[in-house]
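Some notes on the structure that comes next.
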Amino acid sequence: MSNDEMRLPQGGPNERWQSLFGSTAARFEQQYKNESIVLPGEVQAMPVYEEWKSGILSAKLASPFWELAKPSKNQRCLDLGCGASFLLYPWRDWQAHFYGQDISPTAVELLKARAPQLNSKLFKSVVLAPAHQLNYDPQFFDLAIATGWSCYYPLNYWSAILESVRRVLKPKGIFVFDLLDAAKPLAEDWAVLETYLGAEVFLEPLSAWEKTIKDSGAKIVKQQSGELFEMYKVRF
């Protein structure tokens, strides 16, 4: 799917969403292609910059979704904003069927090229599309996952995500995702870093996110706190 095919109708919040898809995709294209970027001196002087350069920050950003809902054998699992996750996480141990979706062309092409060689039975598909555009049959998935990217979009987009995921989950299906906790000491500095890397970060209080979750009809089953992100396990 091309970038044009990802385009949404103009006007209203959708136009804003389209702009954010472009900036977020570009930010992660730089990462997947290992493109160098020179940041201003004032950003380089921040402690979070040193953690980013050294790789220490990656561990603080990680959200181990399987600690809240580990994929089970023969389950159909949808990973939204999947990146290269099928190549990184132990899907072969879980024996769960992987369906991925991402807005980074490089990530999608990487999975298409390498994932079938790793395990063609478990790797089912990956598509280039934003997370609210779920072209699957209703009640198709047992588990949906979305980690590492909700903070790049406003609350009304997350409402659209929840609505779309609800449609494709089975009645007892689980949705696991993470949300940036704006109250964490590192949150504001990390948001500044991400802005200079090309993607705006929305610093919303968790109370606002949780209201959005409840307004969608989802019930929070479990939570788990990390260095920057709060993980949620919900059921509709």
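A note on labels: chains of the structure tokens are A, B, ... as shown, every chain counts residues from 1, and ligands are counted from 1 in their shown order.
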(message) Considering only alpha helix (DSSP H) as DSSP defines it on the backbone, what residues of chain A qualify? List them as a PyMOL selection string.
(response) chain A and resi 12-32+41-44+47-54+56-61+85-88+91-94+105-119+155-168+187-197+206-215
(request) Name the residues in contact with Leu180 in chain A at a cut-off of 10 Å, using only C-alpha atoms, excluding same-chain residues fewer than 2 positions from it; report them as a VMD selection string. (result) chain A and resid 61 148 to 152 178 182 to 184 187 191 201 to 206 209 226 to 231
Could you please take those selected residues and save N, CA, C and O atoms as a JSON list (two decimals), in the first residue's frame?
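Written file, selection.json:
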[["chain", "number", "residue", "atom", "x", "y", "z"],
["A", 61, "LEU", "N", 12.11, 2.40, 27.36],
["A", 61, "LEU", "CA", 10.92, 2.60, 26.53],
["A", 61, "LEU", "C", 10.17, 1.30, 26.27],
["A", 61, "LEU", "O", 9.01, 1.33, 25.85],
["A", 148, "GLY", "N", 4.34, 1.50, 21.97],
["A", 148, "GLY", "CA", 5.42, 2.36, 21.51],
["A", 148, "GLY", "C", 5.05, 3.53, 20.64],
["A", 148, "GLY", "O", 5.94, 4.26, 20.19],
["A", 149, "TRP", "N", 3.75, 3.77, 20.41],
["A", 149, "TRP", "CA", 3.43, 4.84, 19.47],
["A", 149, "TRP", "C", 2.17, 5.65, 19.79],
["A", 149, "TRP", "O", 1.91, 6.67, 19.12],
["A", 150, "SER", "N", 1.39, 5.28, 20.76],
["A", 150, "SER", "CA", 0.14, 6.01, 21.03],
["A", 150, "SER", "C", 0.38, 7.49, 21.33],
["A", 150, "SER", "O", -0.46, 8.35, 21.03],
["A", 151, "CYS", "N", 1.54, 7.81, 21.90],
["A", 151, "CYS", "CA", 1.84, 9.18, 22.32],
["A", 151, "CYS", "C", 2.03, 10.13, 21.15],
["A", 151, "CYS", "O", 2.06, 11.35, 21.34],
["A", 152, "TYR", "N", 2.13, 9.62, 19.93],
["A", 152, "TYR", "CA", 2.33, 10.48, 18.76],
["A", 152, "TYR", "C", 1.00, 10.98, 18.17],
["A", 152, "TYR", "O", 1.01, 11.68, 17.16],
["A", 178, "ASP", "N", 0.29, 0.48, 25.37],
["A", 178, "ASP", "CA", 0.93, 1.33, 26.37],
["A", 178, "ASP", "C", 0.64, 2.80, 26.08],
["A", 178, "ASP", "O", 0.39, 3.19, 24.94],
["A", 182, "ALA", "N", 2.63, 11.12, 31.42],
["A", 182, "ALA", "CA", 3.21, 12.47, 31.39],
["A", 182, "ALA", "C", 3.75, 12.91, 32.75],
["A", 182, "ALA", "O", 4.52, 13.87, 32.83],
["A", 183, "ALA", "N", 3.35, 12.21, 33.82],
["A", 183, "ALA", "CA", 3.82, 12.57, 35.16],
["A", 183, "ALA", "C", 5.19, 11.99, 35.48],
["A", 183, "ALA", "O", 5.80, 12.35, 36.49],
["A", 184, "LYS", "N", 5.71, 11.09, 34.64],
["A", 184, "LYS", "CA", 7.02, 10.50, 34.90],
["A", 184, "LYS", "C", 8.10, 11.57, 34.75],
["A", 184, "LYS", "O", 8.02, 12.44, 33.88],
["A", 187, "ALA", "N", 9.48, 12.17, 31.21],
["A", 187, "ALA", "CA", 8.53, 12.33, 30.10],
["A", 187, "ALA", "C", 8.76, 13.60, 29.28],
["A", 187, "ALA", "O", 8.81, 13.55, 28.05],
["A", 191, "ALA", "N", 9.98, 13.85, 25.42],
["A", 191, "ALA", "CA", 9.11, 14.48, 24.42],
["A", 191, "ALA", "C", 9.88, 15.51, 23.60],
["A", 191, "ALA", "O", 9.69, 15.62, 22.38],
["A", 201, "VAL", "N", 5.12, 14.71, 20.38],
["A", 201, "VAL", "CA", 4.60, 13.86, 21.45],
["A", 201, "VAL", "C", 3.49, 14.59, 22.18],
["A", 201, "VAL", "O", 3.64, 15.76, 22.55],
["A", 202, "PHE", "N", 2.36, 13.91, 22.40],
["A", 202, "PHE", "CA", 1.23, 14.49, 23.12],
["A", 202, "PHE", "C", 1.34, 14.11, 24.59],
["A", 202, "PHE", "O", 1.26, 12.93, 24.94],
["A", 203, "LEU", "N", 1.54, 15.09, 25.45],
["A", 203, "LEU", "CA", 1.70, 14.86, 26.89],
["A", 203, "LEU", "C", 0.34, 14.99, 27.58],
["A", 203, "LEU", "O", 0.02, 16.00, 28.19],
["A", 204, "GLU", "N", -0.45, 13.95, 27.47],
["A", 204, "GLU", "CA", -1.77, 13.93, 28.09],
["A", 204, "GLU", "C", -1.70, 13.20, 29.44],
["A", 204, "GLU", "O", -0.98, 12.21, 29.57],
["A", 205, "PRO", "N", -2.46, 13.64, 30.43],
["A", 205, "PRO", "CA", -2.48, 12.90, 31.70],
["A", 205, "PRO", "C", -3.13, 11.53, 31.52],
["A", 205, "PRO", "O", -4.01, 11.36, 30.67],
["A", 206, "LEU", "N", -2.69, 10.57, 32.31],
["A", 206, "LEU", "CA", -3.27, 9.23, 32.21],
["A", 206, "LEU", "C", -4.77, 9.24, 32.48],
["A", 206, "LEU", "O", -5.51, 8.42, 31.92],
["A", 209, "TRP", "N", -6.49, 9.69, 29.20],
["A", 209, "TRP", "CA", -6.43, 8.45, 28.42],
["A", 209, "TRP", "C", -7.43, 7.43, 28.97],
["A", 209, "TRP", "O", -8.14, 6.76, 28.21],
["A", 226, "GLY", "N", 5.91, 1.25, 33.77],
["A", 226, "GLY", "CA", 7.30, 1.19, 33.35],
["A", 226, "GLY", "C", 7.98, 2.52, 33.61],
["A", 226, "GLY", "O", 7.43, 3.40, 34.28],
["A", 227, "GLU", "N", 9.18, 2.70, 33.09],
["A", 227, "GLU", "CA", 9.94, 3.92, 33.30],
["A", 227, "GLU", "C", 9.24, 5.14, 32.71],
["A", 227, "GLU", "O", 9.27, 6.23, 33.26],
["A", 228, "LEU", "N", 8.61, 4.94, 31.55],
["A", 228, "LEU", "CA", 7.93, 6.04, 30.87],
["A", 228, "LEU", "C", 6.49, 5.72, 30.53],
["A", 228, "LEU", "O", 5.64, 6.60, 30.51],
["A", 229, "PHE", "N", 6.23, 4.46, 30.26],
["A", 229, "PHE", "CA", 4.92, 4.07, 29.75],
["A", 229, "PHE", "C", 4.14, 3.22, 30.76],
["A", 229, "PHE", "O", 4.73, 2.44, 31.51],
["A", 230, "GLU", "N", 2.84, 3.37, 30.72],
["A", 230, "GLU", "CA", 1.91, 2.55, 31.50],
["A", 230, "GLU", "C", 1.24, 1.57, 30.53],
["A", 230, "GLU", "O", 0.67, 1.98, 29.51],
["A", 231, "MET", "N", 1.37, 0.27, 30.82],
["A", 231, "MET", "CA", 0.71, -0.73, 29.99],
["A", 231, "MET", "C", -0.68, -1.04, 30.50],
["A", 231, "MET", "O", -0.91, -1.10, 31.71]]
(request) Determine the nearest neighbour of Tyr153 in chain A from the options A:Glu15, A:Pro40, A:Gln30, A:Thr24, counting only C-alpha atoms. (result) A:Thr24
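Pairwise distance (CA of Leu111 in chain A, CA of Phe28 in chain A) equals 14.8 Å.
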At most 10 Å is the cut-off: for each residue in range 114-136 of chain A with any atom that close to an atom of range 74-88 of chain A, write down the nearest atom pair and the distance in Å rounded to one decimal, counting only C-alpha atoms, chain first then increasing number, as a Markdown table.
| residue | atom | partner | partner_atom | distance |
| --- | --- | --- | --- | --- |
| A:Arg114 | CA | A:Leu87 | CA | 7.9 |
| A:Ala115 | CA | A:Leu87 | CA | 6.6 |
| A:Leu118 | CA | A:Leu87 | CA | 7.7 |
| A:Asn119 | CA | A:Phe86 | CA | 9.5 |
| A:Leu122 | CA | A:Asn74 | CA | 8.5 |
| A:Phe123 | CA | A:Phe86 | CA | 7.8 |
| A:Lys124 | CA | A:Arg76 | CA | 9.2 |
| A:Ser125 | CA | A:Leu78 | CA | 9.7 |
| A:Val126 | CA | A:Cys82 | CA | 8.6 |
| A:Val127 | CA | A:Leu80 | CA | 9.8 |
| A:Leu128 | CA | A:Gly81 | CA | 9.6 |
| A:Ala129 | CA | A:Gly81 | CA | 9.2 |
| A:Pro130 | CA | A:Gly81 | CA | 8.1 |
| A:Ala131 | CA | A:Leu80 | CA | 5.8 |
| A:His132 | CA | A:Leu80 | CA | 9.1 |
| A:Leu134 | CA | A:Leu80 | CA | 9.6 |
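Nearest to Pro138 in chain A of all the residues A:Leu169, A:Leu162, A:Ala199, A:Leu155 is A:Leu169, based on only C-alpha atoms.
All residues within range 66-111 of chain A that the backbone DSSP calculation assigns to strand (DSSP E or B) are Arg76, Cys77, Leu78, Asp79, Leu80, His97, Phe98, Tyr99, Gly100, Gln101 and Asp102 of chain A.
Across the structure, CA of Thr106 in chain A and CA of Ser23 in chain A are spaced 14.7 Å apart.
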